[in-house]
$ cat upload35.csv   # CSV, C-alpha atoms
chain,number,residue,atom,x,y,z
A,1,MET,CA,104.6,205.8,-92.8
A,2,SER,CA,101.4,207.7,-92.9
A,3,PRO,CA,99.6,208.4,-89.5
A,4,HIS,CA,96.6,206.5,-90.8
A,5,VAL,CA,98.6,203.3,-91.5
A,6,LEU,CA,100.3,203.7,-88.1
A,7,ASN,CA,96.9,204.0,-86.4
A,8,VAL,CA,95.6,200.8,-88.1
A,9,VAL,CA,98.8,198.9,-87.1
A,10,TRP,CA,98.5,200.1,-83.5
A,11,ILE,CA,94.9,198.8,-83.3
A,12,ALA,CA,95.8,195.5,-84.9
A,13,LEU,CA,98.7,195.1,-82.4
A,14,MET,CA,96.4,195.8,-79.5
A,15,ALA,CA,93.7,193.4,-80.7
A,16,ALA,CA,96.4,190.7,-81.3
A,17,THR,CA,97.6,191.2,-77.7
A,18,ALA,CA,94.1,190.7,-76.4
A,19,VAL,CA,93.9,187.3,-78.2
A,20,THR,CA,97.2,186.2,-76.6
A,21,TRP,CA,95.9,187.3,-73.2
A,22,PHE,CA,92.7,185.4,-73.7
A,23,VAL,CA,94.6,182.2,-74.7
A,24,GLY,CA,96.4,182.6,-71.3
A,25,GLU,CA,93.2,183.4,-69.5
A,26,ILE,CA,91.6,180.0,-70.5
A,27,HIS,CA,94.9,178.2,-69.6
A,28,ALA,CA,95.0,176.8,-73.2
A,29,ALA,CA,97.9,174.4,-73.4
A,30,GLY,CA,99.2,172.1,-76.1
A,31,PRO,CA,100.8,172.5,-79.5
A,32,LYS,CA,97.8,174.2,-81.2
A,33,ALA,CA,97.5,176.9,-78.6
A,34,VAL,CA,101.3,177.5,-78.6
A,35,ALA,CA,101.3,177.6,-82.4
A,36,VAL,CA,98.6,180.2,-82.3
A,37,ILE,CA,100.3,182.5,-79.8
A,38,LEU,CA,103.7,182.2,-81.5
A,39,ALA,CA,102.1,182.9,-84.9
A,40,ILE,CA,100.4,186.0,-83.3
A,41,ALA,CA,103.8,187.1,-82.0
A,42,GLY,CA,105.2,186.6,-85.5
A,43,VAL,CA,102.6,188.8,-87.1
A,44,LYS,CA,103.0,191.4,-84.4
A,45,GLY,CA,106.8,191.4,-84.8
A,46,TRP,CA,106.4,191.6,-88.5
A,47,LEU,CA,104.1,194.7,-88.2
A,48,VAL,CA,106.5,196.4,-85.8
A,49,ILE,CA,109.5,195.7,-88.1
A,50,TYR,CA,107.8,196.8,-91.3
A,51,ASP,CA,105.7,199.7,-90.2
A,52,PHE,CA,107.0,201.0,-86.8
A,53,MET,CA,110.7,200.5,-87.5
A,54,ALA,CA,109.8,201.4,-91.1
A,55,LEU,CA,112.0,198.7,-92.7
A,56,ARG,CA,109.4,198.1,-95.3
A,57,ARG,CA,111.1,200.6,-97.6
A,58,VAL,CA,114.7,199.7,-96.7
A,59,LYS,CA,116.9,197.4,-98.8
A,60,PHE,CA,116.1,193.7,-98.4
A,61,LEU,CA,119.2,192.7,-96.5
A,62,TRP,CA,118.3,194.9,-93.5
A,63,ARG,CA,114.7,193.5,-93.4
A,64,ALA,CA,116.0,190.0,-93.9
A,65,VAL,CA,118.3,190.2,-90.9
A,66,VAL,CA,115.6,191.5,-88.5
A,67,LEU,CA,112.8,189.3,-89.9
A,68,GLY,CA,115.3,186.4,-89.9
A,69,TRP,CA,116.0,187.0,-86.2
A,70,LEU,CA,112.2,187.0,-85.5
A,71,LEU,CA,111.5,183.8,-87.4
A,72,LEU,CA,114.6,182.0,-86.0
A,73,VAL,CA,113.7,182.8,-82.4
A,74,LEU,CA,110.1,181.8,-82.8
A,75,ALA,CA,111.2,178.6,-84.6
A,76,ILE,CA,113.6,177.7,-81.7
A,77,ILE,CA,110.8,178.3,-79.2
A,78,MET,CA,108.3,176.1,-81.1
A,79,LEU,CA,110.9,173.4,-81.6
A,80,ALA,CA,111.9,173.3,-77.9
A,81,TYR,CA,108.2,173.2,-77.0
A,82,TRP,CA,107.6,170.3,-79.4
A,83,LEU,CA,110.5,168.3,-78.0
A,84,GLY,CA,108.9,168.8,-74.5
A,85,LEU,CA,105.8,167.0,-75.6
A,86,LYS,CA,107.5,163.6,-76.1
B,1,MET,CA,117.4,208.2,-104.8
B,2,THR,CA,115.5,211.5,-105.0
B,3,ALA,CA,113.3,212.8,-102.2
B,4,HIS,CA,110.4,212.3,-104.4
B,5,ALA,CA,111.1,208.6,-104.9
B,6,ARG,CA,111.7,208.2,-101.1
B,7,ARG,CA,108.3,209.8,-100.3
B,8,HIS,CA,106.4,207.6,-102.7
B,9,GLY,CA,108.3,204.5,-102.1
B,10,HIS,CA,109.5,204.0,-105.6
B,11,ALA,CA,113.0,203.0,-104.4
B,12,LEU,CA,114.3,201.3,-101.3
B,13,ALA,CA,116.5,203.2,-98.9
B,14,GLU,CA,120.1,202.0,-98.5
B,15,TYR,CA,120.0,202.1,-94.7
B,16,PRO,CA,117.4,201.8,-92.0
B,17,PRO,CA,116.0,205.0,-90.3
B,18,GLY,CA,118.4,206.6,-87.8
B,19,ASP,CA,122.0,206.4,-87.1
B,20,LEU,CA,123.8,203.4,-88.4
B,21,ALA,CA,125.6,202.9,-85.1
B,22,ILE,CA,122.2,202.5,-83.3
B,23,TRP,CA,121.4,199.7,-85.8
B,24,VAL,CA,124.7,197.9,-84.9
B,25,PHE,CA,123.6,198.2,-81.3
B,26,ILE,CA,120.0,197.0,-82.0
B,27,LEU,CA,121.3,193.9,-83.8
B,28,ALA,CA,123.6,193.1,-80.9
B,29,GLU,CA,120.7,193.5,-78.5
B,30,LEU,CA,118.5,191.3,-80.6
B,31,LEU,CA,121.2,188.6,-80.6
B,32,ALA,CA,121.5,188.8,-76.8
B,33,PHE,CA,117.8,188.5,-76.3
B,34,GLY,CA,117.6,185.7,-78.9
B,35,VAL,CA,120.2,183.7,-76.9
B,36,LEU,CA,118.3,184.3,-73.7
B,37,PHE,CA,115.0,183.3,-75.2
B,38,ALA,CA,116.5,180.1,-76.6
B,39,ALA,CA,118.1,179.4,-73.2
B,40,TYR,CA,114.7,179.8,-71.5
B,41,ALA,CA,113.0,177.5,-74.0
B,42,ILE,CA,115.6,174.8,-73.6
B,43,THR,CA,115.8,175.1,-69.8
B,44,ARG,CA,111.9,174.8,-69.8
B,45,LEU,CA,112.3,171.6,-71.8
B,46,LYS,CA,114.3,170.1,-68.9
B,47,ASN,CA,112.0,171.4,-66.2
B,48,LEU,CA,108.5,171.2,-67.7
B,49,ASP,CA,106.5,170.6,-64.6
B,50,LEU,CA,108.3,173.3,-62.6
B,51,PHE,CA,107.9,175.9,-65.5
B,52,ASN,CA,104.2,175.0,-66.0
B,53,GLU,CA,103.4,175.2,-62.3
B,54,MET,CA,105.4,178.4,-61.7
B,55,GLN,CA,103.9,180.2,-64.7
B,56,LEU,CA,100.5,180.0,-63.0
B,57,THR,CA,101.9,182.2,-60.2
B,58,LEU,CA,102.7,185.0,-62.6
B,59,ASN,CA,100.5,188.1,-63.0
B,60,ARG,CA,99.5,187.5,-66.6
B,61,ASP,CA,97.2,190.6,-66.6
B,62,ALA,CA,100.2,192.8,-65.7
B,63,GLY,CA,102.2,191.2,-68.5
B,64,ALA,CA,99.4,191.8,-71.0
B,65,LEU,CA,98.9,195.4,-69.8
B,66,ASN,CA,102.6,196.0,-70.2
B,67,THR,CA,102.5,194.7,-73.8
B,68,LEU,CA,99.7,197.2,-74.5
B,69,LEU,CA,101.8,200.0,-72.9
B,70,LEU,CA,104.9,199.2,-75.0
B,71,ILE,CA,102.9,198.8,-78.2
B,72,THR,CA,101.3,202.2,-77.5
B,73,GLY,CA,104.6,203.8,-76.7
B,74,SER,CA,106.0,202.4,-79.9
B,75,TRP,CA,103.0,203.8,-81.8
B,76,PHE,CA,103.4,207.3,-80.2
B,77,VAL,CA,107.1,207.4,-81.3
B,78,ALA,CA,106.2,206.2,-84.8
B,79,ARG,CA,103.7,209.1,-84.9
B,80,ALA,CA,106.5,211.4,-83.7
B,81,VAL,CA,108.6,210.4,-86.8
B,82,ALA,CA,105.6,210.9,-89.1
B,83,ALA,CA,104.9,214.3,-87.4
B,84,ILE,CA,108.4,215.7,-87.9
B,85,LYS,CA,108.4,214.5,-91.5
B,86,ALA,CA,105.4,216.8,-92.0
B,87,ASP,CA,107.4,219.5,-90.1
B,88,ARG,CA,105.0,219.4,-87.2
B,89,ARG,CA,107.7,220.1,-84.6
B,90,HIS,CA,105.5,220.7,-81.6
B,91,GLY,CA,103.5,217.6,-82.4
B,92,ALA,CA,106.6,215.5,-82.8
B,93,ALA,CA,107.9,216.6,-79.4
B,94,ASN,CA,104.6,215.8,-77.7
B,95,PHE,CA,104.4,212.4,-79.3
B,96,LEU,CA,107.9,211.7,-78.0
B,97,LEU,CA,106.9,212.7,-74.5
B,98,ALA,CA,103.9,210.4,-74.7
B,99,GLY,CA,106.2,207.6,-75.7
B,100,ILE,CA,108.4,208.3,-72.6
B,101,ALA,CA,105.2,208.3,-70.5
B,102,SER,CA,104.3,204.9,-71.8
B,103,GLY,CA,107.7,203.6,-70.8
B,104,PHE,CA,107.2,205.1,-67.4
B,105,ALA,CA,103.8,203.4,-67.0
B,106,PHE,CA,105.4,200.1,-68.0
B,107,LEU,CA,108.0,200.5,-65.2
B,108,VAL,CA,105.2,201.3,-62.7
B,109,VAL,CA,103.3,198.1,-63.6
B,110,LYS,CA,106.6,196.2,-63.4
B,111,TYR,CA,107.3,197.7,-59.9
B,112,PHE,CA,104.0,196.4,-58.6
B,113,GLU,CA,104.6,193.1,-60.2
B,114,TYR,CA,108.0,192.7,-58.7
B,115,SER,CA,106.9,194.0,-55.3
B,116,ALA,CA,104.2,191.3,-55.0
B,117,LYS,CA,106.8,188.6,-55.9
B,118,PHE,CA,109.5,189.9,-53.6
B,119,ASP,CA,107.0,190.4,-50.7
B,120,ALA,CA,106.1,186.7,-51.2
B,121,GLY,CA,109.8,185.9,-50.5
B,122,ILE,CA,110.6,185.1,-54.2
B,123,SER,CA,114.1,185.7,-55.3
B,124,LEU,CA,116.6,184.6,-58.0
B,125,ASP,CA,117.3,181.6,-55.7
B,126,THR,CA,113.7,180.4,-55.5
B,127,ASN,CA,114.0,178.1,-58.5
B,128,THR,CA,115.2,177.9,-62.1
B,129,PHE,CA,111.9,179.4,-63.4
B,130,TYR,CA,112.1,182.4,-61.2
B,131,MET,CA,115.8,182.8,-61.9
B,132,PHE,CA,114.9,183.2,-65.6
B,133,TYR,CA,111.7,185.3,-65.0
B,134,ILE,CA,113.5,187.8,-62.8
B,135,SER,CA,116.7,188.1,-64.8
B,136,LEU,CA,115.0,188.1,-68.2
B,137,THR,CA,112.4,190.7,-67.3
B,138,MET,CA,114.9,192.9,-65.4
B,139,PHE,CA,117.3,192.8,-68.3
B,140,HIS,CA,114.5,193.9,-70.6
B,141,ALA,CA,113.4,196.6,-68.1
B,142,LEU,CA,116.9,198.0,-68.2
B,143,HIS,CA,116.4,198.4,-71.9
B,144,VAL,CA,113.1,200.2,-71.3
B,145,VAL,CA,115.0,202.6,-69.0
B,146,LEU,CA,117.8,203.1,-71.6
B,147,GLY,CA,115.2,203.7,-74.3
B,148,MET,CA,113.5,206.4,-72.1
B,149,VAL,CA,116.9,208.1,-71.6
B,150,ILE,CA,117.5,208.2,-75.3
B,151,LEU,CA,114.0,209.4,-76.0
B,152,GLY,CA,114.3,212.0,-73.2
B,153,PHE,CA,117.5,213.4,-74.9
B,154,VAL,CA,115.7,213.5,-78.3
B,155,TRP,CA,112.6,215.0,-76.8
B,156,ASN,CA,114.6,217.8,-75.2
B,157,LYS,CA,116.2,218.6,-78.5
B,158,ALA,CA,112.8,218.3,-80.3
B,159,ARG,CA,111.0,220.7,-78.0
B,160,GLN,CA,113.8,223.3,-78.7
B,161,GLY,CA,113.0,223.0,-82.4
B,162,ALA,CA,116.2,221.2,-83.3
B,163,TYR,CA,114.5,218.8,-85.7
B,164,THR,CA,112.8,219.7,-89.0
B,165,ALA,CA,111.2,217.8,-91.9
B,166,ARG,CA,114.6,217.8,-93.6
B,167,GLU,CA,116.7,217.0,-90.6
B,168,HIS,CA,115.3,214.5,-88.0
B,169,HIS,CA,118.0,211.8,-87.9
B,170,GLY,CA,118.0,212.0,-84.0
B,171,ILE,CA,114.3,211.2,-83.7
B,172,GLU,CA,114.6,208.2,-86.0
B,173,THR,CA,117.6,206.9,-84.1
B,174,GLY,CA,115.7,207.1,-80.8
B,175,ALA,CA,112.6,205.6,-82.4
B,176,SER,CA,114.4,202.6,-83.9
B,177,TYR,CA,115.9,201.7,-80.5
B,178,TRP,CA,112.5,202.1,-78.8
B,179,HIS,CA,110.8,199.8,-81.3
B,180,MET,CA,113.4,197.2,-80.6
B,181,VAL,CA,112.5,197.2,-76.9
B,182,ASP,CA,108.8,196.7,-78.0
B,183,LEU,CA,109.7,193.9,-80.4
B,184,VAL,CA,111.6,191.9,-77.8
B,185,TRP,CA,108.7,192.1,-75.3
B,186,ILE,CA,106.3,190.9,-78.0
B,187,ILE,CA,108.1,187.6,-77.9
B,188,LEU,CA,108.8,187.6,-74.1
B,189,PHE,CA,105.2,188.0,-73.1
B,190,PRO,CA,103.8,184.8,-74.8
B,191,LEU,CA,107.0,182.9,-74.1
B,192,VAL,CA,107.1,183.5,-70.3
B,193,TYR,CA,103.5,184.3,-69.4
B,194,VAL,CA,101.3,182.3,-71.7
B,195,MET,CA,103.1,179.3,-73.4
B,196,ARG,CA,102.3,176.0,-71.6
$ encode --input "upload35.csv" --output "structure tokens"
Amino acid sequence: MSPHVLNVVWIALMAATAVTWFVGEIHAAGPKAVAVILAIAGVKGWLVIYDFMALRRVKFLWRAVVLGWLLLVLAIIMLAYWLGLK
Amino acid sequence: MTAHARRHGHALAEYPPGDLAIWVFILAELLAFGVLFAAYAITRLKNLDLFNEMQLTLNRDAGALNTLLLITGSWFVARAVAAIKADRRHGAANFLLAGIASGFAFLVVKYFEYSAKFDAGISLDTNTFYMFYISLTMFHALHVVLGMVILGFVWNKARQGAYTAREHHGIETGASYWHMVDLVWIILFPLVYVMR
């Protein structure tokens, strides 16, 4: 990965973290706020997997396993949160 | 696949960067953390009021700062890999050292965070929330320490000029593990510190 791409990804990850921090700061609760922070975690995880771990240019199976882990864990967290609303 | 194709991304690599053994280890670690995160989410479901109340006692700023530190550490180490691929050996070693320093800063923040909690008399026995908070974050912190040990070993070899643009398997191995530690925290922070 070129240094330039890595720098852009780093700035994006820092900015995304600031958004999650802000959601916490205003004590935002409820499914919308949780969907936002989990989606942000998903995008951040995706960037780390693709550009930092450099799996972007590795055979699909490897990417599928790690991305699959990310999406599965986030889905379980969202589902458990959802069940708690009832 | 030729070196030309690899450089220009015309073909996909057969294996991820670094030693295959570290990837088996990384996948096992991801599985372990995945189970712990699911256990946290499900236990929270059964103790909603407790988890929502106790979460407010956490130091969210420290959690966010630590997220920034791990992301930055990950970025430094990714830059180390990019540097050695350009045969910038001195630069690669320095980026690795900066990555280790980020991990150290993470542990310093964690030390102050834990101190405040332990001074307030909080322990694993306080309640279910704190049992999870302490064990989950300490388990993760152990991985930060292990990542720093691996990077320290790689840095030591790098500063002696052991890696080149052609041979830098060791740096990629350490980097892959370090990114895993970052990836796990990216989920842990919103899950434990923010979600309510």
$ closest_residue --input "upload35.csv" --among "A:Met1, A:Val9, A:Leu70, A:Ala80" --to "Gly42 of chain A" --atoms "all atoms listed in the file"
A:Leu70
$ residues_around --input "upload35.csv" --residues "segment 54-68 of chain B" --least-positions-apart "4" --cutoff "7 Å" --atoms "all atoms listed in the file" --output "compact mmCIF listing (two decimals) with C-alpha atoms, keeping the file's coordinate frame"
# COMPACT_ATOMS: atom_id res chain seq x y z
CA MET A 14 96.40 195.80 -79.50
CA THR A 17 97.60 191.20 -77.70
CA TRP A 21 95.90 187.30 -73.20
CA LEU B 50 108.30 173.30 -62.60
CA THR B 72 101.30 202.20 -77.50
CA PHE B 106 105.40 200.10 -68.00
CA VAL B 109 103.30 198.10 -63.60
CA PHE B 129 111.90 179.40 -63.40
CA TRP B 185 108.70 192.10 -75.30
CA ILE B 186 106.30 190.90 -78.00
CA PHE B 189 105.20 188.00 -73.10
CA TYR B 193 103.50 184.30 -69.40
$ closest_residue --input "upload35.csv" --among "A:His27, A:Lys44, A:Arg56, A:Lys86" --to "Leu13 of chain A" --atoms "only C-alpha atoms"
A:Lys44
$ atom_distance --input "upload35.csv" --atom1 "atom CA of Gly45 of chain A" --atom2 "atom CA of Ala32 of chain B"
16.9 Å
$ interface_residues --input "upload35.csv" --of "chain A" --to "chain B" --cutoff "9 Å" --atoms "all atoms listed in the file" --output "PyMOL selection string"
chain A and resi 1-3+6-7+9-10+13-14+17-18+20-21+23-25+27-31+33-34+37-38+41-42+44-45+48-49+51-60+62-63+65-66+69-70+72-74+76-81+83-85
$ residues_near_point --input "upload35.csv" --point "(108.6, 218.1, -87.4)" --cutoff "10 Å" --atoms "all atoms listed in the file" --output "PyMOL selection string"
chain B and resi 80-93+158+161-168+171
$ atom_distance --input "upload35.csv" --atom1 "atom CA of Ala28 of chain B" --atom2 "atom CA of Ser123 of chain B"
28.3 Å
$ build_atoms --input "upload35.csv" --residues "segment 47-79 of chain A" --atoms "N, CA and C atoms" --output "PDB file, in the frame of the given file"
ATOM      1  N   LEU A  47     104.725 193.346 -88.112  1.00  0.00           N
ATOM      2  CA  LEU A  47     104.100 194.700 -88.200  1.00  0.00           C
ATOM      3  C   LEU A  47     105.061 195.747 -87.615  1.00  0.00           C
ATOM      4  N   VAL A  48     105.629 195.436 -86.445  1.00  0.00           N
ATOM      5  CA  VAL A  48     106.500 196.400 -85.800  1.00  0.00           C
ATOM      6  C   VAL A  48     107.757 196.646 -86.672  1.00  0.00           C
ATOM      7  N   ILE A  49     108.313 195.568 -87.226  1.00  0.00           N
ATOM      8  CA  ILE A  49     109.500 195.700 -88.100  1.00  0.00           C
ATOM      9  C   ILE A  49     109.210 196.475 -89.348  1.00  0.00           C
ATOM     10  N   TYR A  50     108.096 196.147 -89.987  1.00  0.00           N
ATOM     11  CA  TYR A  50     107.800 196.800 -91.300  1.00  0.00           C
ATOM     12  C   TYR A  50     107.279 198.224 -91.115  1.00  0.00           C
ATOM     13  N   ASP A  51     106.345 198.436 -90.191  1.00  0.00           N
ATOM     14  CA  ASP A  51     105.700 199.700 -90.200  1.00  0.00           C
ATOM     15  C   ASP A  51     106.159 200.684 -89.074  1.00  0.00           C
ATOM     16  N   PHE A  52     106.498 200.155 -87.871  1.00  0.00           N
ATOM     17  CA  PHE A  52     107.000 201.000 -86.800  1.00  0.00           C
ATOM     18  C   PHE A  52     108.496 201.317 -87.048  1.00  0.00           C
ATOM     19  N   MET A  53     109.274 200.256 -87.200  1.00  0.00           N
ATOM     20  CA  MET A  53     110.700 200.500 -87.500  1.00  0.00           C
ATOM     21  C   MET A  53     110.906 200.984 -88.910  1.00  0.00           C
ATOM     22  N   ALA A  54     109.846 200.895 -89.711  1.00  0.00           N
ATOM     23  CA  ALA A  54     109.800 201.400 -91.100  1.00  0.00           C
ATOM     24  C   ALA A  54     110.899 200.747 -91.977  1.00  0.00           C
ATOM     25  N   LEU A  55     111.067 199.441 -91.791  1.00  0.00           N
ATOM     26  CA  LEU A  55     112.000 198.700 -92.700  1.00  0.00           C
ATOM     27  C   LEU A  55     111.389 198.295 -93.976  1.00  0.00           C
ATOM     28  N   ARG A  56     110.085 198.529 -94.121  1.00  0.00           N
ATOM     29  CA  ARG A  56     109.400 198.100 -95.300  1.00  0.00           C
ATOM     30  C   ARG A  56     110.053 198.728 -96.585  1.00  0.00           C
ATOM     31  N   ARG A  57     110.545 199.961 -96.445  1.00  0.00           N
ATOM     32  CA  ARG A  57     111.100 200.600 -97.600  1.00  0.00           C
ATOM     33  C   ARG A  57     112.638 200.725 -97.547  1.00  0.00           C
ATOM     34  N   VAL A  58     113.229 199.763 -96.840  1.00  0.00           N
ATOM     35  CA  VAL A  58     114.700 199.700 -96.700  1.00  0.00           C
ATOM     36  C   VAL A  58     115.153 198.467 -97.499  1.00  0.00           C
ATOM     37  N   LYS A  59     116.377 198.512 -97.978  1.00  0.00           N
ATOM     38  CA  LYS A  59     116.900 197.400 -98.800  1.00  0.00           C
ATOM     39  C   LYS A  59     116.715 196.049 -98.084  1.00  0.00           C
ATOM     40  N   PHE A  60     116.470 195.043 -98.890  1.00  0.00           N
ATOM     41  CA  PHE A  60     116.100 193.700 -98.400  1.00  0.00           C
ATOM     42  C   PHE A  60     116.957 193.150 -97.316  1.00  0.00           C
ATOM     43  N   LEU A  61     118.257 193.343 -97.461  1.00  0.00           N
ATOM     44  CA  LEU A  61     119.200 192.700 -96.500  1.00  0.00           C
ATOM     45  C   LEU A  61     118.881 193.119 -95.064  1.00  0.00           C
ATOM     46  N   TRP A  62     118.566 194.396 -94.838  1.00  0.00           N
ATOM     47  CA  TRP A  62     118.300 194.900 -93.500  1.00  0.00           C
ATOM     48  C   TRP A  62     117.003 194.187 -92.936  1.00  0.00           C
ATOM     49  N   ARG A  63     115.990 194.143 -93.814  1.00  0.00           N
ATOM     50  CA  ARG A  63     114.700 193.500 -93.400  1.00  0.00           C
ATOM     51  C   ARG A  63     114.973 192.021 -93.144  1.00  0.00           C
ATOM     52  N   ALA A  64     115.781 191.399 -94.005  1.00  0.00           N
ATOM     53  CA  ALA A  64     116.000 190.000 -93.900  1.00  0.00           C
ATOM     54  C   ALA A  64     116.704 189.636 -92.561  1.00  0.00           C
ATOM     55  N   VAL A  65     117.622 190.497 -92.131  1.00  0.00           N
ATOM     56  CA  VAL A  65     118.300 190.200 -90.900  1.00  0.00           C
ATOM     57  C   VAL A  65     117.362 190.286 -89.689  1.00  0.00           C
ATOM     58  N   VAL A  66     116.536 191.336 -89.637  1.00  0.00           N
ATOM     59  CA  VAL A  66     115.600 191.500 -88.500  1.00  0.00           C
ATOM     60  C   VAL A  66     114.494 190.488 -88.529  1.00  0.00           C
ATOM     61  N   LEU A  67     113.900 190.302 -89.724  1.00  0.00           N
ATOM     62  CA  LEU A  67     112.800 189.300 -89.900  1.00  0.00           C
ATOM     63  C   LEU A  67     113.395 187.898 -89.620  1.00  0.00           C
ATOM     64  N   GLY A  68     114.611 187.666 -90.101  1.00  0.00           N
ATOM     65  CA  GLY A  68     115.300 186.400 -89.900  1.00  0.00           C
ATOM     66  C   GLY A  68     115.436 186.090 -88.412  1.00  0.00           C
ATOM     67  N   TRP A  69     115.823 187.119 -87.662  1.00  0.00           N
ATOM     68  CA  TRP A  69     116.000 187.000 -86.200  1.00  0.00           C
ATOM     69  C   TRP A  69     114.604 186.572 -85.598  1.00  0.00           C
ATOM     70  N   LEU A  70     113.547 187.276 -86.009  1.00  0.00           N
ATOM     71  CA  LEU A  70     112.200 187.000 -85.500  1.00  0.00           C
ATOM     72  C   LEU A  70     111.795 185.553 -85.750  1.00  0.00           C
ATOM     73  N   LEU A  71     111.935 185.138 -87.001  1.00  0.00           N
ATOM     74  CA  LEU A  71     111.500 183.800 -87.400  1.00  0.00           C
ATOM     75  C   LEU A  71     112.352 182.717 -86.722  1.00  0.00           C
ATOM     76  N   LEU A  72     113.651 182.972 -86.630  1.00  0.00           N
ATOM     77  CA  LEU A  72     114.600 182.000 -86.000  1.00  0.00           C
ATOM     78  C   LEU A  72     114.225 181.798 -84.528  1.00  0.00           C
ATOM     79  N   VAL A  73     114.038 182.913 -83.822  1.00  0.00           N
ATOM     80  CA  VAL A  73     113.700 182.800 -82.400  1.00  0.00           C
ATOM     81  C   VAL A  73     112.404 182.089 -82.171  1.00  0.00           C
ATOM     82  N   LEU A  74     111.375 182.438 -82.966  1.00  0.00           N
ATOM     83  CA  LEU A  74     110.100 181.800 -82.800  1.00  0.00           C
ATOM     84  C   LEU A  74     110.190 180.280 -83.163  1.00  0.00           C
ATOM     85  N   ALA A  75     111.009 179.964 -84.174  1.00  0.00           N
ATOM     86  CA  ALA A  75     111.200 178.600 -84.600  1.00  0.00           C
ATOM     87  C   ALA A  75     111.874 177.770 -83.456  1.00  0.00           C
ATOM     88  N   ILE A  76     112.873 178.365 -82.825  1.00  0.00           N
ATOM     89  CA  ILE A  76     113.600 177.700 -81.700  1.00  0.00           C
ATOM     90  C   ILE A  76     112.612 177.426 -80.568  1.00  0.00           C
ATOM     91  N   ILE A  77     111.787 178.439 -80.255  1.00  0.00           N
ATOM     92  CA  ILE A  77     110.800 178.300 -79.200  1.00  0.00           C
ATOM     93  C   ILE A  77     109.831 177.172 -79.474  1.00  0.00           C
ATOM     94  N   MET A  78     109.318 177.167 -80.702  1.00  0.00           N
ATOM     95  CA  MET A  78     108.300 176.100 -81.100  1.00  0.00           C
ATOM     96  C   MET A  78     108.987 174.755 -81.070  1.00  0.00           C
ATOM     97  N   LEU A  79     110.216 174.670 -81.564  1.00  0.00           N
ATOM     98  CA  LEU A  79     110.900 173.400 -81.600  1.00  0.00           C
ATOM     99  C   LEU A  79     111.152 172.843 -80.184  1.00  0.00           C
TER     100      LEU A  79
END
